[in-house]
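Listing of upload15.pdb, PDB, C-alpha atoms
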ATOM      1  CA  MET A   6     -47.773  15.463  30.934
ATOM      2  CA  ASN A   7     -44.542  16.751  29.412
ATOM      3  CA  PHE A   8     -42.460  14.596  27.160
ATOM      4  CA  SER A   9     -38.927  15.853  26.663
ATOM      5  CA  MET A  10     -37.121  14.743  23.565
ATOM      6  CA  LYS A  11     -33.366  14.767  23.626
ATOM      7  CA  ARG A  12     -31.943  15.723  20.282
ATOM      8  CA  ARG A  13     -29.099  13.485  19.227
ATOM      9  CA  LYS A  14     -26.133  15.295  17.827
ATOM     10  CA  TYR A  15     -25.174  14.230  14.330
ATOM     11  CA  ASN A  16     -22.124  12.009  14.501
ATOM     12  CA  ALA A  17     -20.377  11.118  11.248
ATOM     13  CA  LYS A  18     -18.493   8.260  12.898
ATOM     14  CA  HIS A  19     -21.784   6.740  14.018
ATOM     15  CA  ILE A  20     -23.256   6.987  10.507
ATOM     16  CA  TYR A  21     -20.230   5.946   8.465
ATOM     17  CA  GLY A  22     -18.320   3.895  11.010
ATOM     18  CA  LYS A  23     -14.642   3.094  10.735
ATOM     19  CA  ASP A  24     -12.808   1.259   8.015
ATOM     20  CA  GLN A  25     -14.288  -2.163   8.734
ATOM     21  CA  ILE A  26     -12.752  -3.684   5.612
ATOM     22  CA  LEU A  27      -9.282  -2.827   6.902
ATOM     23  CA  TYR A  28      -9.926  -4.694  10.149
ATOM     24  CA  ILE A  29     -11.284  -7.689   8.247
ATOM     25  CA  VAL A  30      -8.218  -7.781   5.990
ATOM     26  CA  LEU A  31      -5.892  -7.493   8.981
ATOM     27  CA  GLY A  32      -7.765 -10.163  10.937
ATOM     28  CA  VAL A  33      -7.868 -12.711   8.117
ATOM     29  CA  SER A  34      -4.245 -12.162   7.060
ATOM     30  CA  ALA A  35      -3.050 -12.341  10.683
ATOM     31  CA  ALA A  36      -4.965 -15.591  11.279
ATOM     32  CA  VAL A  37      -3.557 -17.191   8.118
ATOM     33  CA  SER A  38      -0.072 -15.990   9.033
ATOM     34  CA  VAL A  39      -0.277 -17.478  12.539
ATOM     35  CA  VAL A  40      -1.400 -20.849  11.145
ATOM     36  CA  LEU A  41       1.447 -20.864   8.626
ATOM     37  CA  PHE A  42       3.991 -19.941  11.303
ATOM     38  CA  ILE A  43       2.778 -22.826  13.476
ATOM     39  CA  LEU A  44       3.039 -25.236  10.544
ATOM     40  CA  ALA A  45       6.503 -23.886   9.737
ATOM     41  CA  PHE A  46       7.668 -24.456  13.331
ATOM     42  CA  LEU A  47       6.300 -28.003  13.326
ATOM     43  CA  SER A  48       7.879 -28.699   9.957
ATOM     44  CA  LEU A  49      11.285 -27.397  11.050
ATOM     45  CA  ALA A  50      11.001 -29.488  14.228
ATOM     46  CA  GLY A  51      10.330 -32.571  12.104
ATOM     47  CA  ALA A  52       6.884 -33.161  13.589
ATOM     48  CA  ILE A  53       4.990 -32.896  10.298
ATOM     49  CA  SER A  54       5.639 -33.106   6.576
ATOM     50  CA  VAL A  55       3.786 -30.809   4.182
ATOM     51  CA  ALA A  56       3.085 -31.975   0.614
ATOM     52  CA  GLY A  57       5.585 -34.777   0.891
ATOM     53  CA  SER A  58       8.472 -32.503   1.882
ATOM     54  CA  ALA A  59       7.942 -30.472  -1.300
ATOM     55  CA  ILE A  60       7.134 -27.489   0.943
ATOM     56  CA  THR A  61       9.731 -26.950   3.641
ATOM     57  CA  GLY A  62       9.485 -25.082   6.911
ATOM     58  CA  ILE A  63      11.348 -22.141   5.361
ATOM     59  CA  ASP A  64       8.783 -22.037   2.572
ATOM     60  CA  LEU A  65       5.980 -21.909   5.131
ATOM     61  CA  MET A  66       7.688 -19.081   7.013
ATOM     62  CA  VAL A  67       8.003 -17.071   3.800
ATOM     63  CA  MET A  68       4.340 -17.737   2.998
ATOM     64  CA  ALA A  69       3.404 -16.550   6.479
ATOM     65  CA  ILE A  70       5.296 -13.297   6.017
ATOM     66  CA  LEU A  71       3.769 -12.783   2.572
ATOM     67  CA  SER A  72       0.276 -13.428   3.919
ATOM     68  CA  ILE A  73       0.642 -10.693   6.545
ATOM     69  CA  ILE A  74       2.228  -7.985   4.375
ATOM     70  CA  GLY A  75       0.589  -8.727   1.025
ATOM     71  CA  PRO A  76      -3.148  -8.148   1.682
ATOM     72  CA  ILE A  77      -2.660  -4.997   3.764
ATOM     73  CA  GLY A  78      -0.161  -3.591   1.274
ATOM     74  CA  PHE A  79      -2.425  -4.047  -1.747
ATOM     75  CA  TYR A  80      -5.523  -2.928   0.166
ATOM     76  CA  ASN A  81      -3.822   0.316   1.144
ATOM     77  CA  TYR A  82      -2.684   0.725  -2.451
ATOM     78  CA  LEU A  83      -6.247   0.405  -3.773
ATOM     79  CA  LYS A  84      -7.483   2.766  -1.094
ATOM     80  CA  ALA A  85      -4.788   5.343  -1.893
ATOM     81  CA  LYS A  86      -5.552   4.980  -5.612
ATOM     82  CA  LYS A  87      -9.218   5.765  -4.947
ATOM     83  CA  LYS A  88      -8.278   8.864  -2.940
ATOM     84  CA  LYS A  89      -5.941  10.002  -5.686
ATOM     85  CA  GLU A  90      -8.690   9.686  -8.299
ATOM     86  CA  ILE A  91     -11.000  11.722  -6.050
ATOM     87  CA  GLU A  92      -8.370  14.446  -5.725
ATOM     88  CA  GLN A  93      -7.910  14.523  -9.495
ATOM     89  CA  GLN A  94     -11.611  15.271  -9.977
ATOM     90  CA  LEU A  95     -11.781  17.794  -7.141
ATOM     91  CA  PRO A  96     -10.515  20.915  -9.033
ATOM     92  CA  ASP A  97     -13.202  20.480 -11.725
ATOM     93  CA  PHE A  98     -15.855  20.182  -9.019
ATOM     94  CA  LEU A  99     -14.628  23.321  -7.265
ATOM     95  CA  ARG A 100     -14.598  25.270 -10.531
ATOM     96  CA  GLU A 101     -18.143  24.093 -11.212
ATOM     97  CA  ILE A 102     -19.221  25.359  -7.790
ATOM     98  CA  SER A 103     -17.394  28.637  -8.455
ATOM     99  CA  SER A 104     -19.167  29.043 -11.806
ATOM    100  CA  SER A 105     -22.559  28.235 -10.298
ATOM    101  CA  THR A 106     -22.201  30.628  -7.364
ATOM    102  CA  SER A 107     -20.948  33.421  -9.620
ATOM    103  CA  SER A 108     -24.161  33.058 -11.652
ATOM    104  CA  GLY A 109     -26.277  33.609  -8.555
ATOM    105  CA  MET A 110     -26.803  30.105  -7.149
ATOM    106  CA  THR A 111     -26.270  29.390  -3.465
ATOM    107  CA  VAL A 112     -23.584  26.946  -2.354
ATOM    108  CA  PHE A 113     -26.331  24.542  -1.287
ATOM    109  CA  ASP A 114     -27.954  24.552  -4.732
ATOM    110  CA  ALA A 115     -24.556  24.404  -6.479
ATOM    111  CA  ILE A 116     -23.534  21.252  -4.594
ATOM    112  CA  GLN A 117     -26.935  19.681  -5.263
ATOM    113  CA  ALA A 118     -26.537  20.390  -8.986
ATOM    114  CA  ALA A 119     -22.935  19.144  -9.104
ATOM    115  CA  ALA A 120     -23.945  15.858  -7.423
ATOM    116  CA  LYS A 121     -26.125  15.062 -10.448
ATOM    117  CA  GLY A 122     -23.168  15.243 -12.841
ATOM    118  CA  ASP A 123     -20.415  12.747 -13.631
ATOM    119  CA  HIS A 124     -17.257  13.370 -11.612
ATOM    120  CA  GLY A 125     -15.769   9.871 -11.628
ATOM    121  CA  ARG A 126     -14.861   8.561  -8.186
ATOM    122  CA  LEU A 127     -15.916  11.888  -6.688
ATOM    123  CA  THR A 128     -19.547  11.430  -7.765
ATOM    124  CA  ARG A 129     -20.458   9.110  -4.906
ATOM    125  CA  GLU A 130     -18.926  11.471  -2.352
ATOM    126  CA  LEU A 131     -20.874  14.395  -3.824
ATOM    127  CA  GLN A 132     -24.091  12.398  -3.685
ATOM    128  CA  GLN A 133     -23.481  11.669   0.002
ATOM    129  CA  MET A 134     -22.748  15.338   0.606
ATOM    130  CA  ALA A 135     -25.943  16.366  -1.218
ATOM    131  CA  ALA A 136     -27.943  13.796   0.779
ATOM    132  CA  GLN A 137     -26.607  15.198   4.045
ATOM    133  CA  LEU A 138     -27.552  18.722   2.979
ATOM    134  CA  SER A 139     -31.067  17.524   2.183
ATOM    135  CA  TRP A 140     -31.295  16.134   5.738
ATOM    136  CA  GLY A 141     -30.738  19.605   7.124
ATOM    137  CA  ILE A 142     -27.028  19.249   7.940
ATOM    138  CA  SER A 143     -25.065  22.454   7.509
ATOM    139  CA  ILE A 144     -22.660  22.958   4.621
ATOM    140  CA  LYS A 145     -19.774  23.186   7.082
ATOM    141  CA  ASP A 146     -20.557  19.807   8.646
ATOM    142  CA  ALA A 147     -21.130  18.198   5.236
ATOM    143  CA  LEU A 148     -17.732  19.431   4.027
ATOM    144  CA  ASN A 149     -16.067  18.282   7.247
ATOM    145  CA  ASN A 150     -17.613  14.826   6.832
ATOM    146  CA  PHE A 151     -16.365  14.729   3.246
ATOM    147  CA  ALA A 152     -12.830  15.596   4.393
ATOM    148  CA  ARG A 153     -13.039  12.933   7.099
ATOM    149  CA  ARG A 154     -14.064  10.254   4.607
ATOM    150  CA  VAL A 155     -11.415  11.076   2.012
ATOM    151  CA  ASN A 156      -8.815  11.781   4.722
ATOM    152  CA  THR A 157      -6.083  13.449   2.650
ATOM    153  CA  ASP A 158      -4.119  16.567   3.534
ATOM    154  CA  SER A 159      -5.088  18.492   0.399
ATOM    155  CA  VAL A 160      -8.811  17.842   0.902
ATOM    156  CA  LYS A 161      -8.603  18.797   4.581
ATOM    157  CA  ARG A 162      -6.858  22.087   3.720
ATOM    158  CA  MET A 163      -9.436  22.809   1.034
ATOM    159  CA  VAL A 164     -12.336  22.204   3.425
ATOM    160  CA  VAL A 165     -10.815  24.416   6.126
ATOM    161  CA  THR A 166     -10.268  27.215   3.588
ATOM    162  CA  VAL A 167     -13.810  27.004   2.199
ATOM    163  CA  ASN A 168     -15.432  26.833   5.642
ATOM    164  CA  LYS A 169     -13.509  29.879   6.852
ATOM    165  CA  ALA A 170     -14.487  31.767   3.713
ATOM    166  CA  LEU A 171     -18.144  30.849   4.178
ATOM    167  CA  GLU A 172     -18.018  32.047   7.787
ATOM    168  CA  ILE A 173     -16.450  35.362   6.878
ATOM    169  CA  GLY A 174     -18.580  35.891   3.770
ATOM    170  CA  GLY A 175     -17.681  37.795   0.630
ATOM    171  CA  ASN A 176     -17.051  36.588  -2.892
ATOM    172  CA  THR A 177     -17.719  32.867  -2.549
ATOM    173  CA  SER A 178     -16.976  32.002  -6.176
ATOM    174  CA  SER A 179     -13.425  33.371  -5.943
ATOM    175  CA  VAL A 180     -12.802  31.219  -2.852
ATOM    176  CA  PHE A 181     -13.712  28.026  -4.693
ATOM    177  CA  GLU A 182     -11.639  29.088  -7.691
ATOM    178  CA  ALA A 183      -8.637  29.738  -5.438
ATOM    179  CA  ALA A 184      -9.097  26.345  -3.767
ATOM    180  CA  ALA A 185      -9.132  24.659  -7.198
ATOM    181  CA  LYS A 186      -5.891  26.413  -8.178
ATOM    182  CA  GLU A 187      -4.268  25.372  -4.902
ATOM    183  CA  ILE A 188      -5.120  21.706  -5.454
ATOM    184  CA  ASP A 189      -3.834  21.914  -9.035
ATOM    185  CA  GLN A 190      -0.558  23.345  -7.747
ATOM    186  CA  ILE A 191      -0.245  20.603  -5.130
ATOM    187  CA  LYS A 192      -0.822  17.992  -7.839
ATOM    188  CA  LYS A 193       1.926  19.498 -10.004
ATOM    189  CA  VAL A 194       4.394  19.536  -7.088
ATOM    190  CA  GLU A 195       3.514  15.942  -6.196
ATOM    191  CA  GLN A 196       3.921  14.830  -9.807
ATOM    192  CA  GLN A 197       7.309  16.525 -10.039
ATOM    193  CA  ARG A 198       8.457  14.913  -6.793
ATOM    194  CA  ARG A 199       7.262  11.524  -7.990
ATOM    195  CA  VAL A 200       9.141  11.813 -11.291
ATOM    196  CA  GLU A 201      12.368  12.841  -9.566
ATOM    197  CA  MET A 202      12.232  10.212  -6.840
ATOM    198  CA  SER A 203      11.150   7.432  -9.218
ATOM    199  CA  MET A 204      14.631   7.448 -10.716
ATOM    200  CA  TYR A 205      16.140   6.536  -7.328
ATOM    201  CA  SER A 206      13.480   3.845  -6.826
ATOM    202  CA  ILE A 207      14.308   2.335 -10.221
ATOM    203  CA  VAL A 208      17.991   2.219  -9.246
ATOM    204  CA  ILE A 209      17.072   0.362  -6.041
ATOM    205  CA  PHE A 210      14.950  -2.189  -7.903
ATOM    206  CA  ILE A 211      17.602  -2.708 -10.585
ATOM    207  CA  SER A 212      20.204  -3.233  -7.855
ATOM    208  CA  PHE A 213      18.013  -5.917  -6.299
ATOM    209  CA  PHE A 214      17.635  -7.845  -9.567
ATOM    210  CA  VAL A 215      21.360  -7.506 -10.287
ATOM    211  CA  PHE A 216      22.127  -8.900  -6.825
ATOM    212  CA  LEU A 217      19.680 -11.764  -7.403
ATOM    213  CA  ALA A 218      21.233 -12.507 -10.812
ATOM    214  CA  VAL A 219      24.745 -12.533  -9.331
ATOM    215  CA  ILE A 220      23.666 -15.000  -6.639
ATOM    216  CA  LEU A 221      22.090 -17.200  -9.318
ATOM    217  CA  ILE A 222      25.201 -17.111 -11.511
ATOM    218  CA  ILE A 223      27.475 -17.956  -8.575
ATOM    219  CA  ASP A 224      25.229 -20.878  -7.665
ATOM    220  CA  LYS A 225      25.241 -22.270 -11.208
ATOM    221  CA  THR A 226      29.014 -21.915 -11.652
ATOM    222  CA  ILE A 227      31.183 -21.842  -8.542
ATOM    223  CA  PHE A 228      28.872 -23.673  -6.137
ATOM    224  CA  ALA A 229      27.813 -26.198  -8.793
ATOM    225  CA  ALA A 230      31.470 -27.032  -9.476
ATOM    226  CA  LEU A 231      32.147 -27.254  -5.731
ATOM    227  CA  PHE A 232      29.309 -29.721  -5.130
ATOM    228  CA  ASP A 233      30.315 -31.741  -8.186
ATOM    229  CA  LEU A 234      33.889 -31.975  -6.933
ATOM    230  CA  GLN A 235      32.646 -32.727  -3.435
ATOM    231  CA  GLY A 236      30.743 -35.726  -4.796
ATOM    232  CA  LYS A 237      33.794 -37.096  -6.603
ATOM    233  CA  VAL A 238      36.434 -36.675  -3.877
ATOM    234  CA  PRO A 239      36.362 -39.348  -1.132
ATOM    235  CA  ALA A 240      35.549 -38.299   2.404
ATOM    236  CA  GLY A 241      39.120 -38.902   3.531
ATOM    237  CA  GLY A 242      40.616 -36.867   0.689
ATOM    238  CA  LEU A 243      42.847 -37.850  -2.207
ATOM    239  CA  GLU A 244      45.308 -40.589  -1.312
ATOM    240  CA  GLY A 245      48.915 -39.514  -1.229
ATOM    241  CA  THR A 246      48.146 -35.805  -1.563
ATOM    242  CA  GLY A 247      46.684 -34.896   1.799
ATOM    243  CA  LEU A 248      44.082 -32.760   0.021
ATOM    244  CA  SER A 249      40.450 -32.922   1.084
ATOM    245  CA  ILE A 250      37.246 -31.025   0.306
ATOM    246  CA  ALA A 251      35.256 -29.571   3.154
ATOM    247  CA  SER A 252      31.714 -30.903   3.344
ATOM    248  CA  VAL A 253      29.193 -28.146   2.520
ATOM    249  CA  ASP A 254      25.506 -28.641   3.198
ATOM    250  CA  GLN A 255      23.752 -27.651  -0.029
ATOM    251  CA  GLU A 256      20.401 -26.981   1.647
ATOM    252  CA  LEU A 257      22.028 -24.839   4.338
ATOM    253  CA  LEU A 258      23.883 -22.834   1.690
ATOM    254  CA  LYS A 259      20.655 -22.303  -0.240
ATOM    255  CA  ASN A 260      18.839 -21.048   2.876
ATOM    256  CA  THR A 261      21.751 -18.761   3.740
ATOM    257  CA  LEU A 262      21.767 -17.188   0.291
ATOM    258  CA  PHE A 263      17.992 -16.849   0.398
ATOM    259  CA  SER A 264      18.225 -15.015   3.720
ATOM    260  CA  PHE A 265      20.567 -12.486   2.080
ATOM    261  CA  VAL A 266      18.169 -11.960  -0.820
ATOM    262  CA  PHE A 267      15.165 -11.880   1.520
ATOM    263  CA  VAL A 268      16.610  -9.026   3.560
ATOM    264  CA  GLN A 269      17.546  -7.207   0.354
ATOM    265  CA  SER A 270      14.023  -7.629  -1.069
ATOM    266  CA  ILE A 271      12.299  -6.377   2.087
ATOM    267  CA  GLY A 272      14.622  -3.400   2.518
ATOM    268  CA  GLY A 273      14.711  -2.516  -1.172
ATOM    269  CA  GLY A 274      10.947  -2.803  -1.527
ATOM    270  CA  LEU A 275      10.206  -0.637   1.518
ATOM    271  CA  LEU A 276      12.730   2.038   0.562
ATOM    272  CA  GLY A 277      11.932   2.033  -3.158
ATOM    273  CA  GLY A 278       8.173   2.187  -2.668
ATOM    274  CA  PHE A 279       8.419   4.892  -0.012
ATOM    275  CA  MET A 280      10.672   7.050  -2.173
ATOM    276  CA  MET A 281       8.391   6.630  -5.185
ATOM    277  CA  ASP A 282       5.024   7.432  -3.568
ATOM    278  CA  GLY A 283       5.973   8.880  -0.198
ATOM    279  CA  ARG A 284       3.855   6.238   1.569
ATOM    280  CA  LEU A 285       4.994   3.240   3.588
ATOM    281  CA  SER A 286       2.082   1.197   2.219
ATOM    282  CA  SER A 287       3.647   1.394  -1.245
ATOM    283  CA  GLY A 288       6.889   0.116   0.232
ATOM    284  CA  VAL A 289       5.066  -2.851   1.756
ATOM    285  CA  ARG A 290       3.489  -3.621  -1.628
ATOM    286  CA  PHE A 291       6.819  -3.521  -3.471
ATOM    287  CA  GLY A 292       8.460  -5.525  -0.699
ATOM    288  CA  PHE A 293       5.797  -8.213  -1.140
ATOM    289  CA  VAL A 294       6.482  -8.402  -4.887
ATOM    290  CA  LEU A 295      10.263  -8.631  -4.459
ATOM    291  CA  VAL A 296       9.976 -11.318  -1.780
ATOM    292  CA  LEU A 297       7.638 -13.276  -4.041
ATOM    293  CA  VAL A 298      10.118 -13.031  -6.928
ATOM    294  CA  SER A 299      12.955 -14.151  -4.662
ATOM    295  CA  PHE A 300      10.936 -17.062  -3.285
ATOM    296  CA  PHE A 301      10.035 -18.511  -6.687
ATOM    297  CA  THR A 302      13.535 -17.903  -8.025
ATOM    298  CA  PHE A 303      15.115 -19.920  -5.212
ATOM    299  CA  LYS A 304      12.344 -22.521  -5.304
ATOM    300  CA  PHE A 305      12.663 -23.399  -8.975
ATOM    301  CA  LEU A 306      16.101 -22.188 -10.148
ATOM    302  CA  PHE A 307      18.412 -23.077  -7.251
TER     303      PHE A 307
END
Re-express the file's structure as structure tokens.
Amino acid sequence: MNFSMKRRKYNAKHIYGKDQILYIVLGVSAAVSVVLFILAFLSLAGAISVAGSAITGIDLMVMAILSIIGPIGFYNYLKAKKKKEIEQQLPDFLREISSSTSSGMTVFDAIQAAAKGDHGRLTRELQQMAAQLSWGISIKDALNNFARRVNTDSVKRMVVTVNKALEIGGNTSSVFEAAAKEIDQIKKVEQQRRVEMSMYSIVIFISFFVFLAVILIIDKTIFAALFDLQGKVPAGGLEGTGLSIASVDQELLKNTLFSFVFVQSIGGGLLGGFMMDGRLSSGVRFGFVLVLVSFFTFKFLF
């Protein structure tokens, strides 16, 4: 009797899965945001009162927006920070592989030896790569899986370069040394771009706080005097003069000014963060911070 065994092809997605944490963060933040939006609608409609009218429907809407952009923005920031730390350790790892192979070690043995060292955030990735090699997975597939996990352009280019060099053959140590120099050069270019663009981001953030300060000053001077005068002048105007003061809703004015600052905080945060780091996730994070500053400023100072 013949028993045929079908060999399953190694699938990195099956082993490592997708970013489950990202889906959890999105799901929880979306659920909280939906609940807050429903409460905000009911509060604006007058159906419910939250915390004895201390929290208005506008406050709930702002909280809903913050709950949807805040968690995903900071999660992406932490994830990008981890990738950046891995990339910072990568040139030292490549030079270590280059030194090991130039002394006569194979790439397999060099990676196994490097995984036992301390490379910061990169250490765990190297240990996974070494474990895959010990399972009989080829160096090419192990490097491709590493590039898929880190998922940055510089790491992907490095892996493609190394794999092509390993296929062609030749001086392997010089290939790893060249890859390390390329990543160092990319880091220098990125650092230079960040320094140059950070100046424009700082201007955007300063402009936001200046705008917020101007709104606050106008509220405490011009609008405060207007409401004070409005409270002293009778509804029919001053007798014998024909002069009257238009009735201005203070709460409506506050919400109108907040809408101006809200749009400025979202736009300034997205643009400033994107110009600083070149990633929209950074813009979402800065937008969250500026909206939070605006919310508390209007809540307690206006």
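Residue selection for this entry, given the PyMOL selection byres ((chain A and resi 292) around 9), comprises Ile74, Gly75, Ser270, Ile271, Gly272, Gly273, Gly274, Leu275, Leu276, Gly277, Gly278, Ser287, Gly288, Val289, Arg290, Phe291, Phe293, Val294, Leu295, Val296 and Leu297 of chain A.
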field: Selection result for the PyMOL selection byres ((chain A and resi 147) around 9) on this file, as an MDAnalysis selection string
entry: chainID A and resid 133:135 137:138 142:146 148:152
message: Would you pick out the contacts of range 188-199 of chain A at 8 Å or less, using all atoms listed in the file, so that residues sharing its chain but fewer than 2 positions from it are not included, and give the list as a ChimeraX atom specification?
response: /A:92,95-96,159,163,184-186,201-203,281-282
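The set of residues that the PyMOL selection byres ((chain A and resi 113) around 10) takes from this file is Ile102, Thr106, Met110, Thr111, Val112, Asp114, Ala115, Ile116, Gln117, Ala118, Ala135, Leu138, Ser139, Ser143 and Ile144 of chain A.
CA of Arg154 in chain A to CA of Val33 in chain A spans 24.0 Å [interatomic distance, one decimal].
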- prompt: Pick from A:Leu306, A:Leu31, A:Leu83, A:Val266: nearest to Ile222 in chain A, with all atoms listed in the file counted?
  reply: A:Leu306
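Across the model, the gap from CA of Gly62 in chain A to CA of Ser48 in chain A is 5.0 Å.
Atom pair CA of Ala183 in chain A / CA of Arg129 in chain A: separated by 23.8 Å.
In terms of minimum interatomic distance to Asp123 in chain A, A:Phe98 ranks closest within A:Phe98, A:Gly141, A:Lys88, A:Lys225, counting only C-alpha atoms.
Closest approach to Ala69 in chain A among A:Phe307, A:Phe301, A:Phe216, A:Phe42 is made by A:Phe42 (distances from all atoms listed in the file).
If you measure from each of A:Ser103, A:Ser38, A:Thr302, A:Gln94 to Leu71 in chain A using all atoms listed in the file, the closest one turns out to be A:Ser38.
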query: Quick one: of A:Ile60, A:Ile77, A:Met280, A:Ala229, who's nearest to Val200 in chain A, counting only C-alpha atoms?
result: A:Met280
